[in-house]
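One structure is given below, encoded as structure tokens.
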Amino acid sequence: LFDQIAAWRQAGKRIALATVVGTWGSSPRPAGSHLAVDEAGDFVGSISGGCVEPAVITEARAVIADGPPRRLEFGVSDEQAWEVGLACGGRIEVFVERLDASPGLIDRVRAARRENRPIAAVTRIRDGAQAVWEANRADGAVALDEARIAEIRSMLAAGRSGLLPGEGDQLFVRSYASAPRLMIVGAVHIGQALAAMAAMTGFAVTVIDPRRAFAAADRFPGVRLSTEWPDEALGRLGIDDATAVVTLTHDPKLDDPGLAAALASPAFYIGALGSRRTHAKRLARLAKAGLSEAAARIHAPVGLDLGGRAPAEIAVAILAQIIEVRYGLATEMLQARR
């Protein structure tokens, strides 16, 4: 969406941005969802799943023409819900603004997302005035007191968007949280499929393999590559609690250093390709390195047991398990399956 906005701006087009600022009852898109519209009515993004969009596009073109932002509300009964894209009765509230009023905001958001830095845009609903919260500092046309700053910090940490509580002007916070990261050790066939799928689901992916013939740009188009040894790459890149690490090489000289670095970190997921027999040997090697207790964190054989055998099928199983663990569902799902 932001790349398309940038392309429109470069072409000299005027643009409006519609954002869901409130939802009640059933809503197919959460608060913070965007729809960008140019002066010709071309659009990118989604705020309702399809059926509210025509009315919002009409209003967006009007905002482009006359300037002032608009606040729109769509409410329906259960019987009318399907006509506006809702599964059942509910309301959505949409704020529409002309982007030339704040051209710097889009540039800052794009830069932050390229560098995987969290950033939040704060919009005063009354008049569209904005401020940006980034790197523990607020700047812009909206004054923020300590209580609201604390709430913005909390919302950004959770990747949550919504209206700030409190008296006075209504302020909407759109959080652009850092993307979760996936470090793949091993530029193999499974890694090719996993990198592409993970990127589609919002992960910032890095593939690590010192074998340059494997870690080639034409094999991993658009993916960040490192030809360092895994422990060196992971040490340089850093592993936080929003990082998953998966080793896929089947080569202890590459997998084991990567796993050792991951086990010494707060990574939320660690997985390793290999059979149970292979993993038993791996555990023995890690135990000799003093990592016996920590090695219990490794998911191996890696991935959910979906029965697939093709590289892409195995990649689906791995990504499914990463997502399951990321949202804290692993224990609940395991108990349910039993």
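Every chain in the structure tokens takes a letter, A first, then B, and so on in the order presented; its residues are numbered from 1, and the ligands are numbered from 1 following the presented order.
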
- Contact residues around A:Glu115 with only C-alpha atoms at 10 Å, ignoring same-chain residues under 6 positions, as a list in words: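 The contact residues come out as Val109, Ser178, Ala179 and Ala204 of chain A.
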
Filtering to C-alpha atoms, could you give me those residues as a PDB file, in the first residue's frame?
```
ATOM      1  CA  VAL A 109       6.405   5.267   7.860  1.00  0.00           C
ATOM      2  CA  SER A 178       8.229  -4.030  13.860  1.00  0.00           C
ATOM      3  CA  ALA A 179       7.702  -7.140  11.779  1.00  0.00           C
ATOM      4  CA  ALA A 204      11.170 -10.061   7.869  1.00  0.00           C
TER       5      ALA A 204
END
```

- Contacts of A:Arg14 at 8 Å (only C-alpha atoms; same-chain gap of 3+ positions) as a ChimeraX atom specification: /A:8-9,38-39,64,98-100

- If we count only C-alpha atoms, what is near A:His250 at a cut-off of 7 Å, once residues fewer than 5 positions away on the same chain are taken out, given as JSON, numbers by chain? {"A": [255, 273, 274]}

Could you take the residues named above and write them with all heavy atoms, as a PDB file, in the first residue's frame?
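This went into result_8.pdb:
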```
ATOM      1  N   ASP A 255      24.350 -26.185  11.343  1.00  0.00           N
ATOM      2  CA  ASP A 255      23.158 -26.141  12.201  1.00  0.00           C
ATOM      3  C   ASP A 255      23.512 -25.918  13.664  1.00  0.00           C
ATOM      4  O   ASP A 255      22.883 -25.100  14.347  1.00  0.00           O
ATOM      5  CB  ASP A 255      22.360 -27.441  12.073  1.00  0.00           C
ATOM      6  CG  ASP A 255      21.562 -27.514  10.785  1.00  0.00           C
ATOM      7  OD1 ASP A 255      21.550 -26.511  10.045  1.00  0.00           O
ATOM      8  OD2 ASP A 255      20.962 -28.568  10.520  1.00  0.00           O
ATOM      9  N   LEU A 273      15.441 -29.036  11.352  1.00  0.00           N
ATOM     10  CA  LEU A 273      15.040 -30.104  10.448  1.00  0.00           C
ATOM     11  C   LEU A 273      15.798 -31.383  10.789  1.00  0.00           C
ATOM     12  O   LEU A 273      16.965 -31.349  11.152  1.00  0.00           O
ATOM     13  CB  LEU A 273      15.343 -29.694   9.000  1.00  0.00           C
ATOM     14  CG  LEU A 273      14.868 -30.644   7.898  1.00  0.00           C
ATOM     15  CD1 LEU A 273      13.344 -30.661   7.825  1.00  0.00           C
ATOM     16  CD2 LEU A 273      15.456 -30.210   6.553  1.00  0.00           C
ATOM     17  N   GLY A 274      15.125 -32.510  10.646  1.00  0.00           N
ATOM     18  CA  GLY A 274      15.780 -33.796  10.877  1.00  0.00           C
ATOM     19  C   GLY A 274      14.840 -34.778  11.548  1.00  0.00           C
ATOM     20  O   GLY A 274      13.871 -34.391  12.200  1.00  0.00           O
TER      21      GLY A 274
END
```

- Query: Could you name the residues that touch A:Glu232 at 10 Å or less, counting only C-alpha atoms, but leaving out those on the same chain fewer than 3 positions away, as a ChimeraX atom specification?
  - Reply: /A:208,226-229,235-238,257-258,261

Written selection (N, CA and C atoms) as a PDB file, in the first residue's frame:
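Result written to again_23.pdb:
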```
ATOM      1  N   ILE A 208      20.584 -17.515   5.963  1.00  0.00           N
ATOM      2  CA  ILE A 208      22.000 -17.542   6.331  1.00  0.00           C
ATOM      3  C   ILE A 208      22.631 -18.838   5.835  1.00  0.00           C
ATOM      4  N   SER A 226      22.749 -13.719   3.995  1.00  0.00           N
ATOM      5  CA  SER A 226      24.022 -13.586   4.682  1.00  0.00           C
ATOM      6  C   SER A 226      24.870 -14.820   4.380  1.00  0.00           C
ATOM      7  N   THR A 227      26.131 -14.600   3.993  1.00  0.00           N
ATOM      8  CA  THR A 227      27.042 -15.718   3.742  1.00  0.00           C
ATOM      9  C   THR A 227      28.043 -15.871   4.883  1.00  0.00           C
ATOM     10  N   GLU A 228      27.725 -15.306   6.031  1.00  0.00           N
ATOM     11  CA  GLU A 228      28.538 -15.520   7.226  1.00  0.00           C
ATOM     12  C   GLU A 228      28.234 -16.899   7.809  1.00  0.00           C
ATOM     13  N   TRP A 229      29.090 -17.352   8.727  1.00  0.00           N
ATOM     14  CA  TRP A 229      28.753 -18.551   9.481  1.00  0.00           C
ATOM     15  C   TRP A 229      27.555 -18.229  10.378  1.00  0.00           C
ATOM     16  N   GLY A 235      24.754 -13.474  15.684  1.00  0.00           N
ATOM     17  CA  GLY A 235      25.298 -12.549  16.670  1.00  0.00           C
ATOM     18  C   GLY A 235      25.263 -11.109  16.187  1.00  0.00           C
ATOM     19  N   ARG A 236      25.557 -10.905  14.912  1.00  0.00           N
ATOM     20  CA  ARG A 236      25.548  -9.561  14.355  1.00  0.00           C
ATOM     21  C   ARG A 236      24.129  -9.018  14.212  1.00  0.00           C
ATOM     22  N   LEU A 237      23.220  -9.872  13.742  1.00  0.00           N
ATOM     23  CA  LEU A 237      21.847  -9.433  13.512  1.00  0.00           C
ATOM     24  C   LEU A 237      21.077  -9.256  14.806  1.00  0.00           C
ATOM     25  N   GLY A 238      21.438 -10.043  15.812  1.00  0.00           N
ATOM     26  CA  GLY A 238      20.730  -9.984  17.089  1.00  0.00           C
ATOM     27  C   GLY A 238      19.442 -10.772  17.049  1.00  0.00           C
ATOM     28  N   PRO A 257      26.115 -24.486  15.372  1.00  0.00           N
ATOM     29  CA  PRO A 257      26.436 -23.119  15.819  1.00  0.00           C
ATOM     30  C   PRO A 257      25.224 -22.196  15.784  1.00  0.00           C
ATOM     31  N   GLY A 258      24.366 -22.379  14.780  1.00  0.00           N
ATOM     32  CA  GLY A 258      23.152 -21.576  14.711  1.00  0.00           C
ATOM     33  C   GLY A 258      22.228 -21.863  15.876  1.00  0.00           C
ATOM     34  N   ALA A 261      23.586 -20.365  19.149  1.00  0.00           N
ATOM     35  CA  ALA A 261      23.315 -18.921  19.241  1.00  0.00           C
ATOM     36  C   ALA A 261      21.853 -18.658  19.558  1.00  0.00           C
TER      37      ALA A 261
END
```

- For A:Ala131, the nearest of the candidates A:Gly104, A:Gly290, A:Pro252, A:Gly271, counting only C-alpha atoms: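 That would be A:Gly104, the residue with the smallest distance to A:Ala131.
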
- So which residues touch stretch 221-224 of chain A within 6 Å, counting only C-alpha atoms, skipping near sequence neighbours fewer than 2 positions away, as an MDAnalysis selection string? chainID A and resid 206 217:218

- For atom CA of A:Glu313 and atom CA of A:Met197, quote the distance in Å rounded to one decimal. 11.0 Å

- Could you check which of A:Arg174, A:Arg219, A:Arg211, A:His34 is closest to A:Ala193, using only C-alpha atoms?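 Looking only at the distances to A:Ala193, the closest residue turns out to be A:Arg219.
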
Within 10 Å of A:Leu144, counting only C-alpha atoms, which residues show up once you throw out same-chain ones fewer than 4 positions away? Write them as a PDB file with N, CA and C atoms, in the first residue's frame, please.
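Saved file selection.pdb follows:
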```
ATOM      1  N   VAL A 122      -0.225   9.446  15.208  1.00  0.00           N
ATOM      2  CA  VAL A 122      -1.323   9.882  16.070  1.00  0.00           C
ATOM      3  C   VAL A 122      -2.102  10.961  15.322  1.00  0.00           C
ATOM      4  N   ALA A 131       0.700  13.723  14.781  1.00  0.00           N
ATOM      5  CA  ALA A 131       2.006  13.649  15.425  1.00  0.00           C
ATOM      6  C   ALA A 131       2.550  12.256  15.173  1.00  0.00           C
ATOM      7  N   TRP A 133       5.075   9.211  16.837  1.00  0.00           N
ATOM      8  CA  TRP A 133       5.823   8.707  17.992  1.00  0.00           C
ATOM      9  C   TRP A 133       6.837   7.696  17.470  1.00  0.00           C
ATOM     10  N   ALA A 138       8.016  12.133  20.596  1.00  0.00           N
ATOM     11  CA  ALA A 138       6.856  12.564  19.814  1.00  0.00           C
ATOM     12  C   ALA A 138       7.154  13.905  19.172  1.00  0.00           C
ATOM     13  N   ASP A 139       6.738  14.064  17.915  1.00  0.00           N
ATOM     14  CA  ASP A 139       6.828  15.366  17.285  1.00  0.00           C
ATOM     15  C   ASP A 139       5.668  15.526  16.317  1.00  0.00           C
ATOM     16  N   GLY A 140       5.248  16.751  16.126  1.00  0.00           N
ATOM     17  CA  GLY A 140       4.122  17.012  15.242  1.00  0.00           C
ATOM     18  C   GLY A 140       3.193  18.057  15.825  1.00  0.00           C
ATOM     19  N   ARG A 148      -1.074   9.784  27.904  1.00  0.00           N
ATOM     20  CA  ARG A 148      -1.320   9.333  26.535  1.00  0.00           C
ATOM     21  C   ARG A 148      -0.053   8.764  25.907  1.00  0.00           C
ATOM     22  N   ILE A 149       1.093   9.310  26.246  1.00  0.00           N
ATOM     23  CA  ILE A 149       2.355   8.758  25.754  1.00  0.00           C
ATOM     24  C   ILE A 149       2.540   7.333  26.263  1.00  0.00           C
ATOM     25  N   ALA A 150       2.215   7.100  27.529  1.00  0.00           N
ATOM     26  CA  ALA A 150       2.330   5.755  28.089  1.00  0.00           C
ATOM     27  C   ALA A 150       1.411   4.777  27.358  1.00  0.00           C
ATOM     28  N   ILE A 152       0.347   5.094  24.235  1.00  0.00           N
ATOM     29  CA  ILE A 152       0.886   4.905  22.892  1.00  0.00           C
ATOM     30  C   ILE A 152       2.014   3.881  22.923  1.00  0.00           C
ATOM     31  N   LEU A 171      -8.103  11.063  19.845  1.00  0.00           N
ATOM     32  CA  LEU A 171      -6.855  10.797  19.140  1.00  0.00           C
ATOM     33  C   LEU A 171      -6.819   9.335  18.723  1.00  0.00           C
TER      34      LEU A 171
END
```

- Task: Would you mind writing down, as a ChimeraX atom specification, each residue of stretch 167-268 of chain A that DSSP on the backbone assigns to helix (DSSP H, G or I)?
- Result: /A:189-200,230-237,252-263

- Message: Quick one: residues within 12 Å of A:Thr58, only C-alpha atoms, excluding same-chain residues fewer than 6 positions away - as a count of residues only?
- Response: 16

- Note on the structure: In terms of only C-alpha atoms, the residue from A:Ala111, A:Val63, A:Leu164, A:Ile322 at minimal distance from A:Val21 is A:Leu164

- For A:Pro210, which of A:Ala284, A:Leu225, A:Val302, A:Ala11 is the closest residue, counting only C-alpha atoms? A:Leu225

- Item | Pick from A:Ala196, A:Leu304, A:Ala121, A:Ile190, whichever lies nearest to A:Ala317 using only C-alpha atoms |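 So, comparing all the options, the nearest one is A:Leu304.
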